[in-house]
Amino acid sequence: MKILVIGGTRFFGIPMVKALIKQGHDIKIATRGNSKQDFYEITGHVILDRTDETSVIKAIGGQHFDVIIDKIAYSSNDVKNLLEHVTCDRYIQMSTCSVYPVCHDNITEDEFDTASYPLRWIDGISDYQETKRQAERAVLEYLENDRYSFVRYPVVMGENDYTGRLKFYVDHIKEQKPMFIDDIDRHLSFINEAEAGLFIAHLVDHFISGPVNGCSSGSVTISDIISYIEKKSGRKALLSDDGESAPYNGYSDNNTFSTDKAGSTGFVFSHIDDWIYPLLDHYIEN
């Protein structure tokens with residue numbers, strides 16, 4: 001299939017593109033050109049600024065693709081700039097589990113209804129939840145329901161995670177820096193970077209329309225993470241209300257997600273224990 005990938009050269013975009021290449025697809029990657037990958041030699045590459053309508057038109061205007069994978073849609077105007085000038089049979093948007101309004105266990109896709117959400121044409125804003133909701137909503141102005149998929153992930157983790165959120169806990173325990181954690185026993189879902197990329201590539205050949213959650217099976221608490229680091233490093237965590245605010249604070253309750261819909265495509269996510277503790281070992285040892 002002829003596939004346009006918007007983004008795809010960082011973090012879990014890399015295993016995604018490599019999987020698409022292995023599947024034999026004809027791939028064109030559109031980026032700002034800030035990150036060069038070795039797979040450029042076997043994919044097409046165009047440089048554009050997707051926030052600039054003129055740039056999109058100049059680079060890919062009028063072209064048609066079997067599938068568009070949009071990894072960097074951060075506003076309704078981002079979607080508008082693209083879909084007003086490029087057509088496709090199917091569109092896969094990298095969305096987020098942050099669109100859901102309430103935290104609890106086993107959140108299902110119908111808990112945020114994109115179609116009923118009021119559309120606003122906006123550029124990217126600091127309210128991540130709102131800007132991603134608008135990015136989803138804008139798609140409905142251009143495509144029928146059976147032609148788009150919104151892939152909703154929680155936090156993605158891996159050795160190439162440039163945010164340093166999981167590493168924060170390792171560093172603070174090893175360096176004996178105090179941390180503030182608002183709920184150490186809250187259960188959270190995560191997904192590994194490799195599977196985050198592989199699942200999107202899987203959807204190209206096993207498409208499912210509408211929103212679809214993706215995450216590892218099982219969940220983990222910050223207490224689990226801290227206990228493991230303490231055992232491996234031989235140092236105790238310093239927890240204090242005056243400490244530096246830790247990543248993954250701010251959830252009102254457990255925050256885990258159903259992946260039954262994703263499972264119906266034949267994709268099987270690994271258990272979180274299979275990769276999060278080896279990932280912690282990587283940070284502890286390095």
# chains A, B, ... in the order shown; residues from 1 in each chain; ligands from 1
>>> residues_around(residues="Ala115 (chain A)", least_positions_apart="5", cutoff="12 Å", atoms="only C-alpha atoms", output="VMD selection string")
chain A and resid 110 133 to 141 143 to 145 210 to 211
>>> write_last_selection(atoms="N, CA and C atoms", output="PDB file, in the first residue's frame")
ATOM      1  N   ASP A 110     -15.610   4.168  24.388  1.00  0.00           N
ATOM      2  CA  ASP A 110     -16.822   4.983  24.283  1.00  0.00           C
ATOM      3  C   ASP A 110     -16.925   6.053  25.363  1.00  0.00           C
ATOM      4  N   ARG A 133      -8.271  16.353  21.783  1.00  0.00           N
ATOM      5  CA  ARG A 133      -9.688  16.142  21.495  1.00  0.00           C
ATOM      6  C   ARG A 133     -10.087  16.860  20.212  1.00  0.00           C
ATOM      7  N   GLN A 134      -9.604  18.063  20.036  1.00  0.00           N
ATOM      8  CA  GLN A 134      -9.926  18.823  18.831  1.00  0.00           C
ATOM      9  C   GLN A 134      -9.288  18.200  17.588  1.00  0.00           C
ATOM     10  N   ALA A 135      -8.111  17.632  17.741  1.00  0.00           N
ATOM     11  CA  ALA A 135      -7.477  16.964  16.605  1.00  0.00           C
ATOM     12  C   ALA A 135      -8.311  15.778  16.140  1.00  0.00           C
ATOM     13  N   GLU A 136      -8.848  15.019  17.090  1.00  0.00           N
ATOM     14  CA  GLU A 136      -9.750  13.928  16.722  1.00  0.00           C
ATOM     15  C   GLU A 136     -11.011  14.472  16.046  1.00  0.00           C
ATOM     16  N   ARG A 137     -11.609  15.460  16.674  1.00  0.00           N
ATOM     17  CA  ARG A 137     -12.905  15.966  16.195  1.00  0.00           C
ATOM     18  C   ARG A 137     -12.822  16.513  14.768  1.00  0.00           C
ATOM     19  N   ALA A 138     -11.703  17.144  14.432  1.00  0.00           N
ATOM     20  CA  ALA A 138     -11.563  17.743  13.105  1.00  0.00           C
ATOM     21  C   ALA A 138     -11.616  16.697  12.000  1.00  0.00           C
ATOM     22  N   VAL A 139     -11.154  15.496  12.278  1.00  0.00           N
ATOM     23  CA  VAL A 139     -11.125  14.444  11.262  1.00  0.00           C
ATOM     24  C   VAL A 139     -12.525  14.144  10.740  1.00  0.00           C
ATOM     25  N   LEU A 140     -13.513  14.251  11.619  1.00  0.00           N
ATOM     26  CA  LEU A 140     -14.890  13.919  11.244  1.00  0.00           C
ATOM     27  C   LEU A 140     -15.456  14.872  10.198  1.00  0.00           C
ATOM     28  N   GLU A 141     -14.817  16.031  10.031  1.00  0.00           N
ATOM     29  CA  GLU A 141     -15.239  16.979   9.003  1.00  0.00           C
ATOM     30  C   GLU A 141     -14.818  16.541   7.609  1.00  0.00           C
ATOM     31  N   LEU A 143     -13.759  12.843   6.824  1.00  0.00           N
ATOM     32  CA  LEU A 143     -13.809  11.416   6.519  1.00  0.00           C
ATOM     33  C   LEU A 143     -15.020  10.747   7.152  1.00  0.00           C
ATOM     34  N   GLU A 144     -15.552   9.739   6.469  1.00  0.00           N
ATOM     35  CA  GLU A 144     -16.644   8.954   7.015  1.00  0.00           C
ATOM     36  C   GLU A 144     -16.138   8.073   8.164  1.00  0.00           C
ATOM     37  N   ASN A 145     -17.074   7.608   8.996  1.00  0.00           N
ATOM     38  CA  ASN A 145     -16.719   6.899  10.225  1.00  0.00           C
ATOM     39  C   ASN A 145     -15.868   5.656  10.005  1.00  0.00           C
ATOM     40  N   GLY A 210     -12.670   3.978  14.141  1.00  0.00           N
ATOM     41  CA  GLY A 210     -13.012   4.642  15.391  1.00  0.00           C
ATOM     42  C   GLY A 210     -11.850   4.625  16.372  1.00  0.00           C
ATOM     43  N   PRO A 211     -12.122   4.979  17.626  1.00  0.00           N
ATOM     44  CA  PRO A 211     -11.058   4.992  18.632  1.00  0.00           C
ATOM     45  C   PRO A 211     -10.684   3.585  19.063  1.00  0.00           C
TER      46      PRO A 211
END
>>> residues_around(residues="region 219-225 of chain A", least_positions_apart="2", cutoff="12 Å", atoms="only C-alpha atoms", output="number ranges by chain")
A: 105-106, 154, 165-170, 173, 179-191, 215-217, 227-232, 237, 239, 246-249, 253-258, 270-281, 284
>>> select_by_dssp(residues="region 45-257 of chain A", states="strand (DSSP E)", output="MDAnalysis selection string")
chainID A and resid 45:47 64:70 87:94 148:152 155:157 179:180 187:188 190:192 210:213 220:221 244:245
>>> atom_distance(atom1="CA of Asp242 (chain A)", atom2="CA of Ser98 (chain A)")
27.3 Å
>>> closest_residue(among="A:Tyr251, A:Tyr162, A:Tyr128, A:Phe150", to="Leu203 (chain A)", atoms="only C-alpha atoms")
A:Phe150
>>> atom_distance(atom1="CA of Gly13 (chain A)", atom2="CA of Gly197 (chain A)")
5.8 Å
>>> atom_distance(atom1="CA of Asp26 (chain A)", atom2="CA of His45 (chain A)")
11.5 Å
>>> residues_around(residues="Lys177 (chain A)", least_positions_apart="5", cutoff="8 Å", atoms="only C-alpha atoms", output="count of residues only")
4
>>> closest_atom_pairs(of="region 100-191 of chain A", to="region 72-75 of chain A", cutoff="8 Å", atoms="only C-alpha atoms", output="JSON lines")
{"residue": "A:Trp121", "atom": "CA", "partner": "A:Ser75", "partner_atom": "CA", "distance": 7.9}
{"residue": "A:Ile122", "atom": "CA", "partner": "A:Ser75", "partner_atom": "CA", "distance": 6.1}
{"residue": "A:Asp123", "atom": "CA", "partner": "A:Ser75", "partner_atom": "CA", "distance": 5.3}
{"residue": "A:Gly124", "atom": "CA", "partner": "A:Ser75", "partner_atom": "CA", "distance": 4.9}
{"residue": "A:Ile125", "atom": "CA", "partner": "A:Ser75", "partner_atom": "CA", "distance": 7.8}
{"residue": "A:Thr131", "atom": "CA", "partner": "A:Ser75", "partner_atom": "CA", "distance": 5.0}
{"residue": "A:Lys132", "atom": "CA", "partner": "A:Tyr74", "partner_atom": "CA", "distance": 5.7}
{"residue": "A:Gln134", "atom": "CA", "partner": "A:Ser75", "partner_atom": "CA", "distance": 5.8}
{"residue": "A:Ala135", "atom": "CA", "partner": "A:Ser75", "partner_atom": "CA", "distance": 4.5}
